file entry.cif (mmCIF, C-alpha atoms)
data_final
loop_
_atom_site.group_PDB
_atom_site.id
_atom_site.type_symbol
_atom_site.label_atom_id
_atom_site.label_comp_id
_atom_site.auth_asym_id
_atom_site.auth_seq_id
_atom_site.Cartn_x
_atom_site.Cartn_y
_atom_site.Cartn_z
ATOM 1 C CA MET A 1 -171.019 -192.145 152.856
ATOM 2 C CA SER A 2 -171.663 -190.116 156.018
ATOM 3 C CA ASP A 3 -168.768 -188.022 157.311
ATOM 4 C CA SER A 4 -165.817 -190.148 156.250
ATOM 5 C CA THR A 5 -164.242 -190.933 152.909
ATOM 6 C CA ARG A 6 -165.510 -194.137 151.286
ATOM 7 C CA LEU A 7 -162.663 -196.352 150.143
ATOM 8 C CA PRO A 8 -163.013 -199.165 147.598
ATOM 9 C CA GLU A 9 -164.765 -202.170 149.127
ATOM 10 C CA ASP A 10 -161.792 -204.428 148.464
ATOM 11 C CA GLY A 11 -159.966 -202.554 151.237
ATOM 12 C CA SER A 12 -157.119 -201.384 149.014
ATOM 13 C CA GLU A 13 -155.395 -198.165 149.913
ATOM 14 C CA PRO A 14 -155.618 -195.178 147.605
ATOM 15 C CA SER A 15 -152.322 -194.278 146.021
ATOM 16 C CA GLU A 16 -150.564 -191.544 144.172
ATOM 17 C CA GLY A 17 -147.968 -191.820 141.509
ATOM 18 C CA ASP A 18 -147.543 -192.282 137.796
ATOM 19 C CA GLY A 19 -150.481 -193.489 135.745
ATOM 20 C CA GLU A 20 -150.686 -197.227 135.145
ATOM 21 C CA PRO A 21 -150.746 -198.621 131.579
ATOM 22 C CA LEU A 22 -153.993 -198.035 129.744
ATOM 23 C CA SER A 23 -156.322 -200.950 129.073
ATOM 24 C CA ARG A 24 -157.218 -201.993 125.536
ATOM 25 C CA TRP A 25 -160.449 -200.024 125.751
ATOM 26 C CA GLY A 26 -158.616 -197.047 127.239
ATOM 27 C CA ARG A 27 -156.216 -197.015 124.298
ATOM 28 C CA LEU A 28 -159.108 -197.321 121.851
ATOM 29 C CA ALA A 29 -160.911 -194.402 123.530
ATOM 30 C CA ALA A 30 -157.709 -192.339 123.437
ATOM 31 C CA GLY A 31 -157.332 -193.075 119.725
ATOM 32 C CA VAL A 32 -160.894 -192.081 118.900
ATOM 33 C CA ALA A 33 -160.618 -188.894 120.983
ATOM 34 C CA GLY A 34 -157.251 -188.072 119.429
ATOM 35 C CA LEU A 35 -158.530 -188.378 115.877
ATOM 36 C CA ALA A 36 -161.648 -186.344 116.688
ATOM 37 C CA LEU A 37 -159.768 -183.520 118.417
ATOM 38 C CA SER A 38 -157.028 -183.393 115.780
ATOM 39 C CA GLY A 39 -159.598 -183.223 113.006
ATOM 40 C CA ALA A 40 -161.606 -180.525 114.763
ATOM 41 C CA GLY A 41 -158.468 -178.502 115.501
ATOM 42 C CA THR A 42 -157.210 -178.722 111.936
ATOM 43 C CA ALA A 43 -160.554 -177.585 110.573
ATOM 44 C CA ALA A 44 -160.751 -174.777 113.123
ATOM 45 C CA VAL A 45 -157.403 -173.390 111.944
ATOM 46 C CA PHE A 46 -158.985 -172.571 108.580
ATOM 47 C CA ILE A 47 -162.516 -171.541 109.551
ATOM 48 C CA THR A 48 -162.108 -169.639 112.845
ATOM 49 C CA GLN A 49 -160.104 -166.701 114.149
ATOM 50 C CA ASN A 50 -159.448 -168.386 117.489
ATOM 51 C CA GLN A 51 -155.942 -169.668 116.821
ATOM 52 C CA ALA A 52 -155.222 -170.428 120.472
ATOM 53 C CA GLY A 53 -158.291 -172.615 120.695
ATOM 54 C CA SER A 54 -157.410 -174.347 117.445
ATOM 55 C CA VAL A 55 -153.903 -175.099 118.672
ATOM 56 C CA ALA A 56 -155.316 -176.448 121.937
ATOM 57 C CA LEU A 57 -157.596 -178.830 120.020
ATOM 58 C CA VAL A 58 -154.730 -180.088 117.860
ATOM 59 C CA LEU A 59 -152.511 -180.433 120.931
ATOM 60 C CA GLY A 60 -155.202 -182.374 122.738
ATOM 61 C CA GLY A 61 -155.536 -184.687 119.760
ATOM 62 C CA ILE A 62 -151.787 -185.287 119.729
ATOM 63 C CA VAL A 63 -151.843 -186.109 123.442
ATOM 64 C CA PHE A 64 -154.530 -188.749 123.003
ATOM 65 C CA LEU A 65 -152.790 -190.231 119.971
ATOM 66 C CA LEU A 66 -149.542 -190.463 121.921
ATOM 67 C CA MET A 67 -151.460 -192.254 124.668
ATOM 68 C CA LEU A 68 -152.780 -194.697 122.038
ATOM 69 C CA ILE A 69 -149.286 -195.399 120.718
ATOM 70 C CA SER A 70 -147.510 -195.647 124.068
ATOM 71 C CA GLY A 71 -150.317 -197.301 126.011
ATOM 72 C CA ASN A 72 -149.615 -195.032 128.998
ATOM 73 C CA PRO A 73 -151.319 -191.882 130.360
ATOM 74 C CA LEU A 74 -149.090 -188.826 130.028
ATOM 75 C CA LEU A 75 -148.013 -186.841 133.065
ATOM 76 C CA SER A 76 -147.941 -183.525 131.262
ATOM 77 C CA LEU A 77 -147.498 -181.797 127.935
ATOM 78 C CA GLY A 78 -146.801 -178.099 127.580
ATOM 79 C CA HIS A 79 -147.297 -175.679 124.681
ATOM 80 C CA GLY A 80 -146.876 -172.027 125.521
ATOM 81 C CA ASP A 81 -149.496 -171.125 128.105
ATOM 82 C CA THR A 82 -151.315 -174.437 127.584
ATOM 83 C CA GLN A 83 -150.541 -177.129 130.127
ATOM 84 C CA MET A 84 -152.337 -180.469 130.047
ATOM 85 C CA LEU A 85 -151.950 -182.834 132.949
ATOM 86 C CA PHE A 86 -153.057 -186.450 132.721
ATOM 87 C CA ALA A 87 -151.858 -188.240 135.865
ATOM 88 C CA THR A 88 -153.008 -188.533 139.470
ATOM 89 C CA ARG A 89 -150.880 -185.632 140.660
ATOM 90 C CA ARG A 90 -153.188 -183.266 138.883
ATOM 91 C CA ARG A 91 -155.505 -181.758 141.502
ATOM 92 C CA ARG A 92 -157.044 -178.934 139.515
ATOM 93 C CA VAL A 93 -159.896 -180.991 138.048
ATOM 94 C CA ILE A 94 -160.770 -182.436 141.446
ATOM 95 C CA GLN A 95 -160.671 -179.013 143.112
ATOM 96 C CA GLU A 96 -162.792 -177.414 140.400
ATOM 97 C CA ALA A 97 -165.301 -180.263 140.640
ATOM 98 C CA GLU A 98 -165.947 -179.274 144.263
ATOM 99 C CA GLU A 99 -167.121 -175.838 143.103
ATOM 100 C CA ALA A 100 -168.895 -176.777 139.871
ATOM 101 C CA SER A 101 -172.538 -177.745 139.496
ATOM 102 C CA PRO A 102 -173.174 -181.440 140.213
ATOM 103 C CA ARG A 103 -173.615 -182.396 136.553
ATOM 104 C CA GLU A 104 -170.553 -180.454 135.410
ATOM 105 C CA ALA A 105 -168.537 -181.968 138.256
ATOM 106 C CA ARG A 106 -169.580 -185.510 137.343
ATOM 107 C CA SER A 107 -168.643 -184.940 133.681
ATOM 108 C CA ALA A 108 -165.228 -183.591 134.680
ATOM 109 C CA LEU A 109 -164.517 -186.497 137.027
ATOM 110 C CA GLU A 110 -165.638 -189.070 134.464
ATOM 111 C CA ALA A 111 -163.334 -187.505 131.866
ATOM 112 C CA LEU A 112 -160.455 -187.536 134.327
ATOM 113 C CA SER A 113 -160.984 -191.196 135.212
ATOM 114 C CA THR A 114 -161.120 -192.120 131.512
ATOM 115 C CA ILE A 115 -157.818 -190.400 130.820
ATOM 116 C CA ASP A 116 -156.144 -191.688 133.997
ATOM 117 C CA PRO A 117 -157.794 -194.898 135.307
ATOM 118 C CA ARG A 118 -155.525 -194.964 138.370
ATOM 119 C CA VAL A 119 -157.140 -191.800 139.720
ATOM 120 C CA SER A 120 -160.091 -193.923 140.924
ATOM 121 C CA ARG A 121 -157.787 -195.101 143.749
ATOM 122 C CA ASP A 122 -156.892 -191.563 144.795
ATOM 123 C CA ALA A 123 -158.360 -190.502 148.169
ATOM 124 C CA ALA A 124 -159.183 -186.957 147.041
ATOM 125 C CA PHE A 125 -160.905 -188.262 143.907
ATOM 126 C CA ILE A 126 -162.936 -190.820 145.898
ATOM 127 C CA GLN A 127 -164.032 -188.212 148.427
ATOM 128 C CA THR A 128 -164.970 -185.632 145.802
ATOM 129 C CA SER A 129 -166.771 -188.210 143.664
ATOM 130 C CA ALA A 130 -168.839 -189.296 146.679
ATOM 131 C CA ARG A 131 -169.807 -185.698 147.448
ATOM 132 C CA VAL A 132 -170.773 -185.066 143.834
ATOM 133 C CA TYR A 133 -172.916 -188.217 143.878
ATOM 134 C CA GLU A 134 -174.689 -186.976 147.010
ATOM 135 C CA ARG A 135 -175.294 -183.553 145.456
ATOM 136 C CA LEU A 136 -176.692 -185.150 142.303
ATOM 137 C CA LEU A 137 -179.043 -187.402 144.269
ATOM 138 C CA TYR A 138 -180.158 -184.545 146.521
ATOM 139 C CA SER A 139 -181.060 -182.434 143.471
ATOM 140 C CA GLU A 140 -182.908 -185.336 141.878
ATOM 141 C CA LEU A 141 -184.933 -186.041 145.032
ATOM 142 C CA ILE A 142 -185.953 -182.381 145.161
ATOM 143 C CA ARG A 143 -187.093 -182.620 141.539
ATOM 144 C CA LEU A 144 -188.947 -185.898 142.021
ATOM 145 C CA PHE A 145 -190.637 -184.903 145.301
ATOM 146 C CA PRO A 146 -191.313 -181.150 145.245
ATOM 147 C CA ASP A 147 -193.882 -181.439 148.052
ATOM 148 C CA VAL A 148 -191.675 -183.213 150.583
ATOM 149 C CA SER A 149 -188.701 -182.122 152.652
ATOM 150 C CA VAL A 150 -185.288 -183.538 151.760
ATOM 151 C CA ARG A 151 -182.956 -182.957 154.689
ATOM 152 C CA GLU A 152 -179.212 -183.293 154.909
ATOM 153 C CA GLU A 153 -179.209 -183.035 158.700
ATOM 154 C CA LYS A 154 -179.701 -186.145 160.816
ATOM 155 C CA LEU A 155 -182.977 -186.890 162.594
ATOM 156 C CA ASP A 156 -181.434 -189.061 165.291
ATOM 157 C CA ALA A 157 -178.144 -190.606 166.384
ATOM 158 C CA SER A 158 -177.803 -192.615 163.175
ATOM 159 C CA ARG A 159 -175.406 -191.632 160.411
ATOM 160 C CA PHE A 160 -177.624 -191.621 157.341
ATOM 161 C CA ASP A 161 -176.801 -189.084 154.654
ATOM 162 C CA LEU A 162 -180.264 -187.747 153.751
ATOM 163 C CA THR A 163 -183.803 -187.943 155.100
ATOM 164 C CA VAL A 164 -187.033 -187.563 153.126
ATOM 165 C CA VAL A 165 -189.957 -186.321 155.254
ATOM 166 C CA THR A 166 -193.536 -186.086 153.979
ATOM 167 C CA PRO A 167 -196.085 -183.469 155.074
ATOM 168 C CA ASP A 168 -197.832 -186.137 157.192
ATOM 169 C CA ARG A 169 -194.489 -186.723 158.979
ATOM 170 C CA ARG A 170 -193.591 -190.098 157.540
ATOM 171 C CA ALA A 171 -189.862 -190.373 156.905
ATOM 172 C CA VAL A 172 -187.240 -192.532 155.258
ATOM 173 C CA SER A 173 -183.513 -192.209 155.869
ATOM 174 C CA ILE A 174 -181.199 -192.627 152.905
ATOM 175 C CA GLU A 175 -177.688 -194.044 152.958
ATOM 176 C CA LEU A 176 -175.551 -193.350 149.879
ATOM 177 C CA ARG A 177 -172.760 -195.552 148.570
ATOM 178 C CA GLU A 178 -170.835 -194.430 145.497
ATOM 179 C CA LEU A 179 -168.725 -197.516 144.803
ATOM 180 C CA THR A 180 -166.371 -199.000 142.229
ATOM 181 C CA SER A 181 -167.649 -202.571 142.666
ATOM 182 C CA PRO A 182 -171.020 -204.248 143.364
ATOM 183 C CA VAL A 183 -172.628 -203.714 146.774
ATOM 184 C CA SER A 184 -171.455 -206.454 149.120
ATOM 185 C CA ALA A 185 -173.275 -208.337 151.861
ATOM 186 C CA GLN A 186 -171.062 -206.479 154.344
ATOM 187 C CA THR A 187 -172.573 -203.187 153.186
ATOM 188 C CA ILE A 188 -176.083 -204.589 153.692
ATOM 189 C CA ARG A 189 -175.117 -205.661 157.224
ATOM 190 C CA GLN A 190 -173.951 -202.105 157.895
ATOM 191 C CA LEU A 191 -177.275 -200.790 156.586
ATOM 192 C CA LEU A 192 -179.185 -203.153 158.853
ATOM 193 C CA GLY A 193 -177.118 -201.939 161.799
ATOM 194 C CA LEU A 194 -177.938 -198.325 160.978
ATOM 195 C CA ALA A 195 -181.611 -199.150 160.484
ATOM 196 C CA ALA A 196 -181.768 -200.863 163.896
ATOM 197 C CA THR A 197 -180.886 -197.545 165.598
ATOM 198 C CA SER A 198 -183.079 -195.348 163.384
ATOM 199 C CA VAL A 199 -186.614 -194.136 163.986
ATOM 200 C CA THR A 200 -187.340 -194.198 160.234
ATOM 201 C CA GLY A 201 -187.285 -196.659 157.365
ATOM 202 C CA ALA A 202 -183.946 -197.067 155.588
ATOM 203 C CA LEU A 203 -183.103 -196.909 151.885
ATOM 204 C CA LEU A 204 -179.669 -197.717 150.475
ATOM 205 C CA VAL A 205 -178.893 -195.929 147.192
ATOM 206 C CA SER A 206 -175.826 -196.918 145.207
ATOM 207 C CA ASN A 207 -174.448 -196.549 141.703
ATOM 208 C CA GLN A 208 -173.649 -200.280 141.779
ATOM 209 C CA ARG A 209 -175.909 -203.330 141.798
ATOM 210 C CA LEU A 210 -176.175 -205.823 144.656
ATOM 211 C CA THR A 211 -174.082 -208.964 144.711
ATOM 212 C CA ARG A 212 -176.080 -212.196 144.916
ATOM 213 C CA ALA A 213 -175.165 -212.595 148.587
ATOM 214 C CA ALA A 214 -176.197 -209.011 149.355
ATOM 215 C CA ASP A 215 -179.499 -209.426 147.538
ATOM 216 C CA GLU A 216 -180.259 -212.616 149.490
ATOM 217 C CA LEU A 217 -179.383 -210.979 152.817
ATOM 218 C CA LEU A 218 -181.586 -207.978 152.088
ATOM 219 C CA ARG A 219 -184.488 -210.195 151.042
ATOM 220 C CA ARG A 220 -184.283 -212.206 154.269
ATOM 221 C CA ALA A 221 -184.174 -209.014 156.338
ATOM 222 C CA GLN A 222 -187.293 -207.688 154.594
ATOM 223 C CA GLU A 223 -189.115 -210.968 155.134
ATOM 224 C CA SER A 224 -188.317 -210.748 158.845
ATOM 225 C CA GLY A 225 -189.928 -207.311 159.035
ATOM 226 C CA SER A 226 -187.031 -204.877 158.570
ATOM 227 C CA ASP A 227 -187.988 -201.653 156.778
ATOM 228 C CA VAL A 228 -184.852 -201.646 154.623
ATOM 229 C CA PHE A 229 -184.755 -201.114 150.871
ATOM 230 C CA PHE A 230 -182.269 -200.779 148.028
ATOM 231 C CA VAL A 231 -182.190 -199.057 144.662
ATOM 232 C CA GLN A 232 -179.459 -198.649 142.079
ATOM 233 C CA TRP A 233 -179.203 -195.043 140.903
ATOM 234 C CA ARG A 234 -176.503 -193.986 138.445
ATOM 235 C CA ASP A 235 -178.099 -190.986 136.784
ATOM 236 C CA GLU A 236 -181.435 -189.569 135.636
ATOM 237 C CA ASN A 237 -182.133 -192.715 133.615
ATOM 238 C CA ASP A 238 -182.648 -194.555 136.922
ATOM 239 C CA SER A 239 -184.895 -191.904 138.454
ATOM 240 C CA ASP A 240 -188.146 -193.820 137.941
ATOM 241 C CA ALA A 241 -186.700 -196.672 140.000
ATOM 242 C CA LEU A 242 -185.484 -194.185 142.611
ATOM 243 C CA LYS A 243 -188.930 -192.623 142.909
ATOM 244 C CA ASP A 244 -190.609 -196.028 143.228
ATOM 245 C CA ALA A 245 -188.131 -197.098 145.924
ATOM 246 C CA VAL A 246 -188.692 -193.969 148.022
ATOM 247 C CA ILE A 247 -192.470 -194.329 147.725
ATOM 248 C CA ALA A 248 -192.281 -198.011 148.700
ATOM 249 C CA ALA A 249 -190.116 -197.209 151.712
ATOM 250 C CA LEU A 250 -192.458 -194.438 152.857
ATOM 251 C CA ARG A 251 -195.461 -196.716 152.439
ATOM 252 C CA GLU A 252 -193.975 -199.180 154.910
ATOM 253 C CA VAL A 253 -193.298 -196.558 157.544
ATOM 254 C CA GLU A 254 -195.984 -196.435 160.207
ATOM 255 C CA GLY A 255 -196.106 -192.829 161.326
ATOM 256 C CA GLY A 256 -192.346 -192.316 161.827
ATOM 257 C CA GLU A 257 -192.000 -188.861 163.360
ATOM 258 C CA ALA A 258 -189.418 -186.282 162.346
ATOM 259 C CA SER A 259 -188.730 -183.254 164.439
#
call {"tool": "encode", "arguments": {"input": "entry.cif", "output": "structure tokens"}}
result
Amino acid sequence: MSDSTRLPEDGSEPSEGDGEPLSRWGRLAAGVAGLALSGAGTAAVFITQNQAGSVALVLGGIVFLLMLISGNPLLSLGHGDTQMLFATRRRRVIQEAEEASPREARSALEALSTIDPRVSRDAAFIQTSARVYERLLYSELIRLFPDVSVREEKLDASRFDLTVVTPDRRAVSIELRELTSPVSAQTIRQLLGLAATSVTGALLVSNQRLTRAADELLRRAQESGSDVFFVQWRDENDSDALKDAVIAALREVEGGEAS
């Protein structure tokens, strides 16, 4: 991830514009959400005093149902002071995600990508999503390893994103890749290049699994003596694997110094 925006591994350019037609599953999700919101809004009209909130729920349900019928994400729908935007031109969600807590930001971005699948090709969305992923992982490493130092600054000339340093000065550098497709062999080659210039062991953390070619390349590198490792981490459910991977990487490091 480092200092530049990660683009999809297929090399396609991010784009802006109208939302593309929803997939079958997208339309199904819109229908379920529409029915749920409409039902909740209708009930709220009779049992709460918050009429504005009730109207917003009903309006949201209508929006999702219209998406189900038309098969397309809506650009906007207005009702008084309520304005709902559902296409890639909407920047408010992305901007607010930058300021929200990591978990709130991830939830907001996931909701946005469900409503407008094309947003996953938007440069601002990709950049923000990568930063949120790094913030989530940083917080989880702090929780998993309260007695070690997790640093965002670099220890050497390499461009790793994070470094974990133990009290006895062993260290492992972590490269993050928040991707939309499985980790390719090209990414593993890049990791090996970074590891060759690093004074620490190297751990690649990604939300995606390895391709078969990437897995084979990594295995051969490890057999030849490279201190490089990989773990798939999507959320807290993968934290046991993350902890084991960091421990394994640190175990292989022979007194790597961190200053």
call {"tool": "resolve_selection", "arguments": {"input": "entry.cif", "expression": "the PyMOL selection byres ((chain A and resi 133-138) around 8)", "output": "list in words"}}
result
Pro102, Arg103, Arg106, Ser129, Ala130, Arg131, Val132, Ser139, Glu140, Leu141, Ile142, Val150, Leu162, Leu176 and Glu178 of chain A
call {"tool": "resolve_selection", "arguments": {"input": "entry.cif", "expression": "the PyMOL selection byres ((chain A and resi 215-225) around 10)", "output": "PDB file with C-alpha atoms, in the frame of the given file"}}
result
ATOM      1  CA  VAL A 183    -172.628-203.714 146.774  1.00  0.00           C
ATOM      2  CA  SER A 184    -171.455-206.454 149.120  1.00  0.00           C
ATOM      3  CA  ALA A 185    -173.275-208.337 151.861  1.00  0.00           C
ATOM      4  CA  GLN A 186    -171.062-206.479 154.344  1.00  0.00           C
ATOM      5  CA  ILE A 188    -176.083-204.589 153.692  1.00  0.00           C
ATOM      6  CA  ARG A 189    -175.117-205.661 157.224  1.00  0.00           C
ATOM      7  CA  LEU A 191    -177.275-200.790 156.586  1.00  0.00           C
ATOM      8  CA  LEU A 192    -179.185-203.153 158.853  1.00  0.00           C
ATOM      9  CA  ARG A 209    -175.909-203.330 141.798  1.00  0.00           C
ATOM     10  CA  LEU A 210    -176.175-205.823 144.656  1.00  0.00           C
ATOM     11  CA  THR A 211    -174.082-208.964 144.711  1.00  0.00           C
ATOM     12  CA  ARG A 212    -176.080-212.196 144.916  1.00  0.00           C
ATOM     13  CA  ALA A 213    -175.165-212.595 148.587  1.00  0.00           C
ATOM     14  CA  ALA A 214    -176.197-209.011 149.355  1.00  0.00           C
ATOM     15  CA  SER A 226    -187.031-204.877 158.570  1.00  0.00           C
ATOM     16  CA  ASP A 227    -187.988-201.653 156.778  1.00  0.00           C
ATOM     17  CA  VAL A 228    -184.852-201.646 154.623  1.00  0.00           C
ATOM     18  CA  PHE A 229    -184.755-201.114 150.871  1.00  0.00           C
ATOM     19  CA  PHE A 230    -182.269-200.779 148.028  1.00  0.00           C
ATOM     20  CA  GLU A 252    -193.975-199.180 154.910  1.00  0.00           C
TER      21      GLU A 252
END
call {"tool": "atom_distance", "arguments": {"input": "entry.cif", "atom1": "atom CA of A:Arg159", "atom2": "atom CA of A:Leu194"}}
result
7.2 Å
call {"tool": "residues_around", "arguments": {"input": "entry.cif", "residues": "A:Gln208", "least_positions_apart": "4", "cutoff": "8 Å", "atoms": "only C-alpha atoms", "output": "mmCIF file with C-alpha atoms, in the frame of the given file"}}
result
data_model
loop_
_atom_site.group_PDB
_atom_site.id
_atom_site.type_symbol
_atom_site.label_atom_id
_atom_site.label_comp_id
_atom_site.auth_asym_id
_atom_site.auth_seq_id
_atom_site.Cartn_x
_atom_site.Cartn_y
_atom_site.Cartn_z
ATOM 1 C CA GLU A 178 -170.835 -194.430 145.497
ATOM 2 C CA LEU A 179 -168.725 -197.516 144.803
ATOM 3 C CA THR A 180 -166.371 -199.000 142.229
ATOM 4 C CA SER A 181 -167.649 -202.571 142.666
ATOM 5 C CA PRO A 182 -171.020 -204.248 143.364
ATOM 6 C CA VAL A 183 -172.628 -203.714 146.774
ATOM 7 C CA GLN A 232 -179.459 -198.649 142.079
ATOM 8 C CA TRP A 233 -179.203 -195.043 140.903
ATOM 9 C CA ARG A 234 -176.503 -193.986 138.445
#
call {"tool": "residues_around", "arguments": {"input": "entry.cif", "residues": "A:Ala97", "least_positions_apart": "6", "cutoff": "8 Å", "atoms": "all atoms listed in the file", "output": "number ranges by chain"}}
result
A: 104-106, 108-109, 128, 132
call {"tool": "atom_distance", "arguments": {"input": "entry.cif", "atom1": "atom CA of A:Asp168", "atom2": "atom CA of A:Val231"}}
result
23.8 Å
call {"tool": "atom_distance", "arguments": {"input": "entry.cif", "atom1": "atom CA of A:Ser206", "atom2": "atom CA of A:Ile174"}}
result
10.3 Å
call {"tool": "decode", "arguments": {"input": "entry.cif", "residues": "stretch 113-144 of chain A", "atoms": "C-alpha atoms", "output": "PDB file, in the first residue's frame"}}
result
ATOM      1  CA  SER A 113     -20.156  -0.550  -2.522  1.00  0.00           C
ATOM      2  CA  THR A 114     -23.275  -2.709  -2.112  1.00  0.00           C
ATOM      3  CA  ILE A 115     -25.536   0.093  -3.288  1.00  0.00           C
ATOM      4  CA  ASP A 116     -23.205   1.189  -6.103  1.00  0.00           C
ATOM      5  CA  PRO A 117     -20.867  -1.639  -7.234  1.00  0.00           C
ATOM      6  CA  ARG A 118     -19.068   0.660  -9.687  1.00  0.00           C
ATOM      7  CA  VAL A 119     -17.645   2.714  -6.824  1.00  0.00           C
ATOM      8  CA  SER A 120     -15.015  -0.016  -6.285  1.00  0.00           C
ATOM      9  CA  ARG A 121     -13.280   1.366  -9.408  1.00  0.00           C
ATOM     10  CA  ASP A 122     -13.240   4.924  -8.083  1.00  0.00           C
ATOM     11  CA  ALA A 123      -9.758   6.213  -7.148  1.00  0.00           C
ATOM     12  CA  ALA A 124     -10.943   8.052  -4.028  1.00  0.00           C
ATOM     13  CA  PHE A 125     -12.833   4.974  -2.828  1.00  0.00           C
ATOM     14  CA  ILE A 126      -9.822   2.695  -3.431  1.00  0.00           C
ATOM     15  CA  GLN A 127      -7.480   5.043  -1.586  1.00  0.00           C
ATOM     16  CA  THR A 128      -9.816   5.526   1.369  1.00  0.00           C
ATOM     17  CA  SER A 129     -10.594   1.810   1.582  1.00  0.00           C
ATOM     18  CA  ALA A 130      -6.866   1.015   1.689  1.00  0.00           C
ATOM     19  CA  ARG A 131      -6.299   3.526   4.491  1.00  0.00           C
ATOM     20  CA  VAL A 132      -9.222   2.143   6.474  1.00  0.00           C
ATOM     21  CA  TYR A 133      -7.819  -1.375   6.049  1.00  0.00           C
ATOM     22  CA  GLU A 134      -4.451  -0.200   7.383  1.00  0.00           C
ATOM     23  CA  ARG A 135      -6.093   1.502  10.367  1.00  0.00           C
ATOM     24  CA  LEU A 136      -8.093  -1.634  11.149  1.00  0.00           C
ATOM     25  CA  LEU A 137      -5.014  -3.859  10.981  1.00  0.00           C
ATOM     26  CA  TYR A 138      -2.949  -1.435  13.063  1.00  0.00           C
ATOM     27  CA  SER A 139      -5.611  -1.448  15.799  1.00  0.00           C
ATOM     28  CA  GLU A 140      -5.835  -5.232  15.710  1.00  0.00           C
ATOM     29  CA  LEU A 141      -2.055  -5.663  15.993  1.00  0.00           C
ATOM     30  CA  ILE A 142      -2.049  -3.372  19.027  1.00  0.00           C
ATOM     31  CA  ARG A 143      -4.778  -5.513  20.590  1.00  0.00           C
ATOM     32  CA  LEU A 144      -3.086  -8.810  19.766  1.00  0.00           C
TER      33      LEU A 144
END
